[in-house]
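Engineer: Sending over run_18.txt (compact mmCIF, C-alpha atoms).
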```txt
# COMPACT_ATOMS: atom_id res chain seq x y z
CA MET A 15 270.40 24.28 43.31
CA GLY A 16 274.13 23.43 43.75
CA GLU A 17 274.88 26.46 45.98
CA GLN A 18 274.70 26.32 49.77
CA PRO A 19 274.94 29.23 52.25
CA ILE A 20 277.86 28.77 54.65
CA PHE A 21 277.84 32.14 56.49
CA THR A 22 275.29 34.95 56.84
CA THR A 23 275.39 38.39 58.45
CA ARG A 24 273.76 41.84 58.07
CA ALA A 25 275.45 45.06 56.96
CA HIS A 26 275.00 48.29 55.01
CA VAL A 27 276.26 47.82 51.43
CA PHE A 28 278.25 50.47 49.50
CA GLN A 29 279.94 50.62 46.09
CA ILE A 30 282.73 52.90 44.91
CA ASP A 31 281.65 55.72 42.59
CA PRO A 32 282.65 54.57 39.05
CA ASN A 33 283.29 58.16 37.97
CA THR A 34 285.45 59.53 40.80
CA LYS A 35 286.75 56.20 42.19
CA LYS A 36 286.81 57.96 45.57
CA ASN A 37 283.30 58.47 46.94
CA TRP A 38 281.13 55.70 48.35
CA VAL A 39 277.62 55.29 46.91
CA PRO A 40 275.03 53.50 49.13
CA ALA A 41 273.69 50.37 47.44
CA SER A 42 271.09 49.70 50.15
CA LYS A 43 268.88 52.04 52.15
CA GLN A 44 269.20 49.92 55.25
CA ALA A 45 271.11 46.92 56.59
CA VAL A 46 270.60 43.85 54.36
CA THR A 47 271.60 40.19 54.49
CA VAL A 48 275.09 39.37 53.15
CA SER A 49 275.91 35.65 52.69
CA TYR A 50 278.77 33.39 51.59
CA PHE A 51 277.62 30.68 49.14
CA TYR A 52 279.49 27.53 48.09
CA ASP A 53 278.82 26.12 44.60
CA VAL A 54 279.32 22.34 44.80
CA THR A 55 279.24 21.75 41.05
CA ARG A 56 281.74 24.49 40.16
CA ASN A 57 283.72 24.24 43.43
CA SER A 58 283.59 28.05 43.82
CA TYR A 59 282.59 30.59 46.46
CA ARG A 60 280.49 33.73 46.09
CA ILE A 61 279.31 36.65 48.25
CA ILE A 62 275.66 37.44 47.50
CA SER A 63 273.37 40.14 48.88
CA VAL A 64 269.81 40.92 47.78
CA ASP A 65 267.79 44.05 48.63
CA GLY A 66 264.18 43.16 47.86
CA ALA A 67 264.22 41.92 44.26
CA LYS A 68 267.53 43.62 43.40
CA VAL A 69 270.88 41.81 43.56
CA ILE A 70 273.38 44.36 44.91
CA ILE A 71 276.35 41.99 45.48
CA ASN A 72 277.30 39.01 43.30
CA SER A 73 281.05 38.64 43.79
CA THR A 74 282.97 35.43 43.05
CA ILE A 75 285.89 35.06 45.46
CA THR A 76 289.32 34.42 43.95
CA PRO A 77 292.68 33.83 45.68
CA ASN A 78 293.89 37.25 44.52
CA MET A 79 291.18 39.16 46.44
CA THR A 80 291.91 40.92 49.73
CA PHE A 81 289.45 42.12 52.36
CA THR A 82 290.67 45.35 54.01
CA LYS A 83 289.44 46.86 57.30
CA THR A 84 289.38 50.63 56.86
CA SER A 85 287.81 51.38 60.26
CA GLN A 86 286.43 49.59 63.32
CA LYS A 87 283.10 48.87 61.62
CA PHE A 88 283.84 49.15 57.90
CA GLY A 89 285.60 46.86 55.43
CA GLN A 90 286.01 46.64 51.66
CA TRP A 91 287.27 44.41 48.86
CA ALA A 92 287.86 44.85 45.13
CA ASP A 93 286.16 42.67 42.50
CA SER A 94 288.04 42.87 39.20
CA ARG A 95 285.38 40.93 37.31
CA ALA A 96 282.66 43.36 38.35
CA ASN A 97 285.17 46.22 37.98
CA THR A 98 284.12 47.79 41.28
CA VAL A 99 284.91 47.97 44.99
CA PHE A 100 282.34 46.78 47.53
CA GLY A 101 282.14 48.23 51.04
CA LEU A 102 280.27 46.88 54.08
CA GLY A 103 279.33 48.85 57.19
CA PHE A 104 278.64 46.66 60.24
CA SER A 105 276.90 47.49 63.49
CA SER A 106 279.77 46.18 65.62
CA GLU A 107 283.47 45.41 65.36
CA GLN A 108 282.84 41.73 66.19
CA GLN A 109 280.68 41.25 63.09
CA LEU A 110 283.38 42.85 60.94
CA THR A 111 286.04 40.55 62.43
CA LYS A 112 283.93 37.42 61.80
CA PHE A 113 283.26 38.47 58.20
CA ALA A 114 286.97 39.15 57.58
CA GLU A 115 287.98 35.78 59.07
CA LYS A 116 285.40 33.99 56.91
CA PHE A 117 286.66 35.88 53.85
CA GLN A 118 290.19 34.63 54.56
CA GLU A 119 288.95 31.03 54.96
CA VAL A 120 286.95 31.15 51.74
CA LYS A 121 289.88 32.71 49.85
CA GLU A 122 292.16 29.90 51.05
CA ALA A 123 289.58 27.31 49.97
CA ALA A 124 289.36 28.97 46.56
CA ARG A 125 293.15 28.81 46.27
CA LEU A 126 293.18 25.09 47.10
CA ALA A 127 290.42 24.48 44.54
CA ARG A 128 292.43 26.33 41.90
CA ASP A 129 295.58 24.29 42.71
CA LYS A 130 293.63 21.03 42.42
CA SER A 131 292.21 22.03 39.05
CA GLN A 132 295.72 22.88 37.79
CA GLU A 133 297.00 19.48 39.00
CA LYS A 134 294.20 17.75 37.10
CA ILE A 135 295.11 19.67 33.93
CA GLU A 136 298.78 18.71 34.28
CA THR A 137 297.88 15.07 34.91
CA SER A 138 295.63 14.96 31.84
CA SER A 139 298.39 16.51 29.68
CA ASN A 140 300.92 13.93 30.92
CA HIS A 141 298.53 11.08 30.11
CA SER A 142 297.97 12.51 26.64
CA GLN A 143 301.72 12.36 25.95
CA GLU A 144 302.32 8.81 27.29
CA PRO A 145 300.08 6.82 24.84
CA GLY A 146 301.74 8.55 21.86
CA CYS A 147 305.09 7.09 22.98
CA GLU A 148 303.76 3.61 23.71
CA THR A 149 302.03 3.12 20.36
CA PRO A 150 305.17 2.24 18.31
CA SER A 151 306.38 -0.29 20.87
CA SER A 152 303.03 -2.04 20.92
CA THR A 153 302.96 -2.25 17.15
CA GLN A 154 306.51 -3.57 17.12
CA ALA A 155 305.65 -6.23 19.66
CA SER A 156 302.68 -7.34 17.64
CA SER A 157 304.74 -7.50 14.45
CA ILE A 158 307.47 -9.54 16.12
CA ASN A 159 305.33 -12.04 17.98
CA GLY A 160 302.62 -12.64 15.37
CA THR A 161 302.50 -14.10 11.85
CA ASP A 162 301.35 -12.29 8.78
CA ASP A 163 297.80 -13.58 9.19
CA GLU A 164 297.76 -12.59 12.84
CA LYS A 165 298.99 -9.17 11.83
CA ALA A 166 296.12 -8.79 9.43
CA SER A 167 293.54 -10.02 11.94
CA SER A 168 294.71 -8.35 15.18
CA ALA A 169 296.56 -5.21 14.06
CA GLY A 170 293.48 -3.62 12.45
CA PRO A 171 291.19 -3.32 15.54
CA ALA A 172 294.13 -2.45 17.80
CA ASN A 173 295.39 0.30 15.56
CA THR A 174 291.87 1.69 15.15
CA HIS A 175 291.37 1.76 18.93
CA LEU A 176 294.76 3.34 19.51
CA LYS A 177 294.16 5.94 16.85
CA SER A 178 290.79 6.88 18.34
CA GLU A 179 292.32 7.11 21.82
CA ASN A 180 295.24 9.11 20.45
CA ASN A 181 292.85 11.53 18.67
CA LYS A 182 290.82 11.96 21.84
CA LEU A 183 293.97 12.71 23.84
CA LYS A 184 295.18 15.15 21.20
CA ILE A 185 291.83 16.98 21.30
CA ALA A 186 291.96 17.09 25.13
CA LEU A 187 295.56 18.32 25.00
CA THR A 188 294.63 21.03 22.48
CA GLN A 189 291.67 22.12 24.63
CA SER A 190 293.80 22.15 27.77
CA ALA A 191 296.47 24.25 26.03
CA ALA A 192 293.81 26.67 24.80
CA ASN A 193 292.35 26.82 28.32
CA VAL A 194 295.81 27.47 29.77
CA LYS A 195 296.30 30.39 27.38
CA LYS A 196 292.83 31.66 28.18
CA TRP A 197 293.53 31.43 31.92
CA GLU A 198 296.88 33.19 31.48
CA ILE A 199 295.16 36.04 29.62
CA GLU A 200 292.45 36.19 32.28
CA LEU A 201 295.08 36.09 35.03
CA GLN A 202 296.94 39.00 33.42
CA THR A 203 293.66 40.92 33.11
CA LEU A 204 292.87 40.22 36.76
CA ARG A 205 296.33 41.44 37.80
CA GLU A 206 295.90 44.67 35.88
CA SER A 207 292.41 45.18 37.31
CA ASN A 208 293.76 44.41 40.79
CA ALA A 209 296.47 47.05 40.34
CA ARG A 210 293.89 49.63 39.25
CA LEU A 211 291.60 48.74 42.12
CA THR A 212 294.51 48.91 44.58
CA THR A 213 295.24 52.43 43.35
CA ALA A 214 291.55 53.30 43.73
CA LEU A 215 291.57 51.90 47.28
CA GLN A 216 294.61 54.00 48.18
CA ASP A 217 292.91 57.08 46.74
CA SER A 218 289.74 56.30 48.68
CA ALA A 219 291.74 55.90 51.91
CA ALA A 220 293.39 59.28 51.29
CA SER A 221 289.95 60.78 50.61
CA VAL A 222 288.66 59.35 53.90
CA GLU A 223 291.49 61.03 55.80
CA GLN A 224 290.78 64.29 53.98
CA TRP A 225 287.08 64.01 54.83
CA LYS A 226 287.98 63.41 58.48
CA ARG A 227 290.14 66.56 58.55
CA GLN A 228 287.38 68.58 56.84
CA PHE A 229 284.84 67.24 59.34
CA SER A 230 287.09 68.26 62.24
CA LEU A 231 287.50 71.75 60.76
CA CYS A 232 283.76 72.07 60.21
CA HIS A 233 283.13 70.92 63.78
CA ASP A 234 285.51 73.55 65.17
CA GLU A 235 283.96 76.22 62.95
CA ASN A 236 280.50 75.18 64.14
CA ASP A 237 281.55 75.53 67.79
CA ARG A 238 283.04 78.95 67.08
CA LEU A 239 279.85 80.11 65.33
CA ARG A 240 277.74 78.82 68.21
CA ASN A 241 279.83 80.81 70.69
CA LYS A 242 279.49 83.86 68.45
CA ILE A 243 275.71 83.40 68.27
CA ASP A 244 275.57 83.18 72.09
CA GLU A 245 277.51 86.45 72.31
CA LEU A 246 275.15 88.09 69.81
CA GLU A 247 272.12 86.87 71.74
CA GLU A 248 273.59 88.37 74.91
CA GLN A 249 274.20 91.65 73.11
CA CYS A 250 270.61 91.57 71.79
CA SER A 251 269.33 91.09 75.34
CA GLU A 252 271.38 94.11 76.45
CA ILE A 253 269.94 96.16 73.59
CA ASN A 254 266.42 95.11 74.61
CA ARG A 255 267.13 96.26 78.18
CA GLU A 256 268.38 99.59 76.82
CA LYS A 257 265.21 99.90 74.75
CA GLU A 258 263.10 99.30 77.85
CA LYS A 259 265.02 102.02 79.70
CA ASN A 260 264.50 104.35 76.75
CA THR A 261 260.77 103.65 76.79
CA GLN A 262 260.63 104.44 80.51
CA LEU A 263 262.48 107.72 79.93
CA LYS A 264 260.04 108.67 77.15
CA ARG A 265 257.09 108.01 79.46
CA ARG A 266 258.73 110.13 82.17
CA ILE A 267 259.28 112.99 79.71
CA GLU A 268 255.63 112.85 78.66
CA GLU A 269 254.56 113.01 82.30
CA LEU A 270 256.81 116.04 82.89
CA GLU A 271 255.44 117.78 79.79
CA LEU A 272 251.90 117.16 81.02
CA GLU A 273 252.75 118.65 84.43
CA LEU A 274 254.35 121.61 82.68
CA ARG A 275 251.17 122.29 80.67
CA GLU A 276 249.10 122.14 83.85
CA LYS A 277 251.43 124.64 85.52
CA GLU A 278 251.15 126.98 82.55
CA THR A 279 247.35 126.76 82.71
CA GLU A 280 247.42 127.66 86.40
CA LEU A 281 249.75 130.56 85.68
CA THR A 282 247.39 131.89 82.99
CA ASP A 283 244.49 131.74 85.42
CA LEU A 284 246.50 133.62 88.03
CA ARG A 285 247.39 136.32 85.54
CA LYS A 286 243.74 136.80 84.64
CA GLN A 287 242.88 137.09 88.29
CA SER A 288 245.63 139.70 88.81
CA GLU A 289 244.15 141.82 86.01
CA ILE A 290 240.69 141.85 87.63
CA ILE A 291 241.91 142.93 91.11
CA PRO A 292 242.88 146.63 90.27
CA GLN A 293 239.48 147.25 88.65
CA LEU A 294 237.77 146.00 91.76
CA MET A 295 239.93 148.27 93.93
CA SER A 296 238.94 151.46 91.97
CA GLU A 297 235.25 150.63 91.95
CA CYS A 298 234.87 149.27 95.46
CA GLU A 299 236.57 151.62 97.98
CA TYR A 300 234.27 150.52 100.74
CA VAL A 301 235.68 147.07 100.54
CA SER A 302 239.19 148.15 101.50
CA GLU A 303 239.40 145.47 104.03
CA LYS A 304 238.50 142.95 101.43
CA LEU A 305 240.97 144.67 99.11
CA GLU A 306 243.73 144.39 101.65
CA ALA A 307 242.85 140.79 102.06
CA ALA A 308 242.87 140.48 98.28
CA GLU A 309 246.23 142.26 98.19
CA ARG A 310 247.58 139.84 100.72
CA ASP A 311 246.13 137.07 98.62
CA ASN A 312 247.68 138.67 95.57
CA GLN A 313 251.01 138.84 97.34
CA ASN A 314 250.72 135.23 98.23
CA LEU A 315 249.76 134.44 94.68
CA GLU A 316 252.74 136.37 93.37
CA ASP A 317 254.98 134.40 95.68
CA LYS A 318 253.40 131.29 94.36
CA VAL A 319 253.86 132.56 90.83
CA ARG A 320 257.51 133.19 91.46
CA SER A 321 257.91 129.77 92.99
CA LEU A 322 256.01 128.32 90.07
CA LYS A 323 258.24 130.22 87.64
CA THR A 324 261.26 128.89 89.47
CA ASP A 325 259.81 125.41 89.34
CA MET A 326 258.97 125.92 85.68
CA GLU A 327 262.51 127.06 84.88
CA GLU A 328 263.90 124.15 86.79
CA SER A 329 261.55 121.80 84.98
CA LYS A 330 262.51 123.37 81.64
CA TYR A 331 266.17 123.00 82.51
CA ARG A 332 265.63 119.40 83.51
CA GLN A 333 263.63 118.88 80.35
CA ARG A 334 266.40 120.31 78.21
CA HIS A 335 268.95 118.25 80.11
CA LEU A 336 266.81 115.14 79.65
CA LYS A 337 266.38 115.90 75.94
CA VAL A 338 270.15 116.27 75.53
CA GLU A 339 270.76 113.01 77.39
CA LEU A 340 268.00 111.32 75.41
CA LYS A 341 269.45 112.60 72.12
CA SER A 342 272.94 111.33 73.02
CA PHE A 343 271.49 108.03 74.16
CA LEU A 344 269.51 107.67 70.92
CA GLU A 345 272.65 108.40 68.91
CA VAL A 346 274.58 105.73 70.81
CA LEU A 347 271.64 103.34 70.40
CA ASP A 348 271.46 104.01 66.64
CA GLY A 349 275.20 103.33 66.36
CA LYS A 350 274.85 100.03 68.22
CA ILE A 351 271.87 99.04 66.07
CA ASP A 352 273.85 99.84 62.89
CA ASP A 353 276.79 97.77 64.21
CA LEU A 354 274.41 94.91 64.96
CA HIS A 355 272.92 95.07 61.43
CA ASN A 356 276.40 95.08 59.90
CA PHE A 357 277.43 92.13 62.05
CA ARG A 358 274.26 90.21 61.09
CA ARG A 359 274.91 90.85 57.41
CA GLY A 360 278.48 89.58 57.83
CA LEU A 361 277.23 86.54 59.71
CA SER A 362 274.68 85.80 56.95
CA LYS A 363 277.38 86.17 54.30
CA LEU A 364 279.66 83.85 56.26
CA GLY A 365 276.86 81.26 56.58
CA ALA A 366 276.18 81.48 52.83
CA ASP A 367 279.88 80.99 52.04
CA ASN A 368 280.06 77.95 54.29
```
Using structure tokens, write down the structure that the file contains.
Structural biologist:
Amino acid sequence: MGEQPIFTTRAHVFQIDPNTKKNWVPASKQAVTVSYFYDVTRNSYRIISVDGAKVIINSTITPNMTFTKTSQKFGQWADSRANTVFGLGFSSEQQLTKFAEKFQEVKEAARLARDKSQEKIETSSNHSQEPGCETPSSTQASSINGTDDEKASSAGPANTHLKSENNKLKIALTQSAANVKKWEIELQTLRESNARLTTALQDSAASVEQWKRQFSLCHDENDRLRNKIDELEEQCSEINREKEKNTQLKRRIEELELELREKETELTDLRKQSEIIPQLMSECEYVSEKLEAAERDNQNLEDKVRSLKTDMEESKYRQRHLKVELKSFLEVLDGKIDDLHNFRRGLSKLGADN
């Protein structure tokens, strides 16, 4: 009921990893409200942030704290009481600047409040010493100015009142001394924690630089792999074009083989016809004219046969030549395919290593 919000903003909340003291662990899944609160009764300031029903920041600001900007949109501070380092990621540099300025104002106000409390303690200790010195003089004055009866009547209540006041002041002085020792011990503990947290902050800053260098290296490696993948895709397209050419050559060879079989069939038919002609000549003399015509036809057929044989030899030679070229092409293609498989295996191994 005594706390009042004096500044509110939104940011992503992080905490330092308690094990490594280097990595940041997200404390919120999204940007949450982060507020400065002022406690009127205790005269203290706190930074509080709540994610749903979970309190993720409850940090009391002391004059020894320092808010550090580690980037344009990220800042952090160490809380020795919570034994952790809080980090805030803002959506803009202006929000980070406003939060840092407010942190400095609140820290200065906390310092002034601490100085005032120390002045009050010193004032109370001085007052506790002054009545102890004045008590003998007052008793002497009463003994000098009064009679014996007056001493008996007035010295009793006065001494009792002074003793009670003196006891109260002694108790207050004892409590203030114990509080001073307690605060000194706490101050020493805070200094040690601050030193440890400062070391952790320096380590985290070094880790951030290392992460940036690793990110740059990974980015360059990614670009190089992308260029390599583009080259491989281009090589694959060339291989596909070679495969299409190979398929066309195979179809052409099949067509030539089919033509060759047709020519052989025609040649067989012509041979059969040439075997029948002499028998017809011996049996049918009266058809000499027809025989001469048949002989002329036979001569023509023989010329055709010779031309067909020539064509057949040429086709066989072309077929052999095509087979040799096809065999050499297939060997080159198999070598390229093997190189491609080896390169893909190397690329897969490189991706697994990364």
Engineer: Rank A:Ile199, A:Val39, A:Leu322, A:Ile290 by their smallest atom-to-atom distance to Glu309 (chain A), using all atoms listed in the file, and report the top residue only.
Structural biologist: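 Of the candidates, the smallest distance to Glu309 (chain A) is held by A:Ile290.
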Engineer: Counting all atoms listed in the file, figure out which residue out of A:Leu354, A:Val46, A:Ala96, A:Ala124 gets nearest to Leu246 (chain A).
Structural biologist: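 Closest to Leu246 (chain A), using all atoms listed in the file: A:Leu354.
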Engineer: Return the single residue from A:Ser105, A:Ser329, A:Asn72, A:Ser342 that is closest to Gln44 (chain A), with distances computed using all atoms listed in the file.
Structural biologist: A:Ser105
Engineer: Excluding same-chain residues fewer than 2 positions from region 54-67 of chain A, what lies within 8 Å of it counting only C-alpha atoms, as a CSV table (one decimal) with C-alpha atoms, in the coordinates of the input?
Structural biologist:
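This went into selection-v9.csv:
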```
chain,number,residue,atom,x,y,z
A,16,GLY,CA,274.1,23.4,43.8
A,17,GLU,CA,274.9,26.5,46.0
A,18,GLN,CA,274.7,26.3,49.8
A,42,SER,CA,271.1,49.7,50.2
A,46,VAL,CA,270.6,43.8,54.4
A,47,THR,CA,271.6,40.2,54.5
A,48,VAL,CA,275.1,39.4,53.2
A,49,SER,CA,275.9,35.6,52.7
A,50,TYR,CA,278.8,33.4,51.6
A,51,PHE,CA,277.6,30.7,49.1
A,52,TYR,CA,279.5,27.5,48.1
A,69,VAL,CA,270.9,41.8,43.6
A,70,ILE,CA,273.4,44.4,44.9
A,71,ILE,CA,276.4,42.0,45.5
A,72,ASN,CA,277.3,39.0,43.3
A,73,SER,CA,281.0,38.6,43.8
A,74,THR,CA,283.0,35.4,43.0
A,75,ILE,CA,285.9,35.1,45.5
A,120,VAL,CA,287.0,31.2,51.7
A,124,ALA,CA,289.4,29.0,46.6
A,127,ALA,CA,290.4,24.5,44.5
```
Engineer: In terms of the shortest atom-to-atom distance over all atoms listed in the file, which of A:Met295, A:Leu102, A:Leu364, A:Val301 is closest to Glu235 (chain A)?
Structural biologist: A:Leu364
Engineer: Name the residues within 12 Å of (270.2, 98.4, 72.9), counting only C-alpha atoms in the file's coordinates, and put them as a list in words.
Structural biologist: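 Counting only C-alpha atoms, I find these residues within 12 Å of (270.2, 98.4, 72.9): Leu246, Glu247, Glu248, Gln249, Cys250, Ser251, Glu252, Ile253, Asn254, Arg255, Glu256, Lys257, Glu258, Lys259, Asn260, Thr261, Phe343, Leu344, Glu345, Val346, Leu347, Asp348, Gly349, Lys350, Ile351, Asp352, Asp353 and Leu354 of chain A.
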Engineer: Which value, in Å to one decimal, gives the distance between CA of Arg332 (chain A) and CA of Ile267 (chain A)?
Structural biologist: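 Between CA of Arg332 (chain A) and CA of Ile267 (chain A) the gap is 9.8 Å.
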Engineer: Using only C-alpha atoms for the distances, tell me which of A:Ser296, A:Thr324, A:Gln202, A:Asn37 is nearest to Lys277 (chain A).
Structural biologist: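 Closest to Lys277 (chain A), using only C-alpha atoms: A:Thr324.
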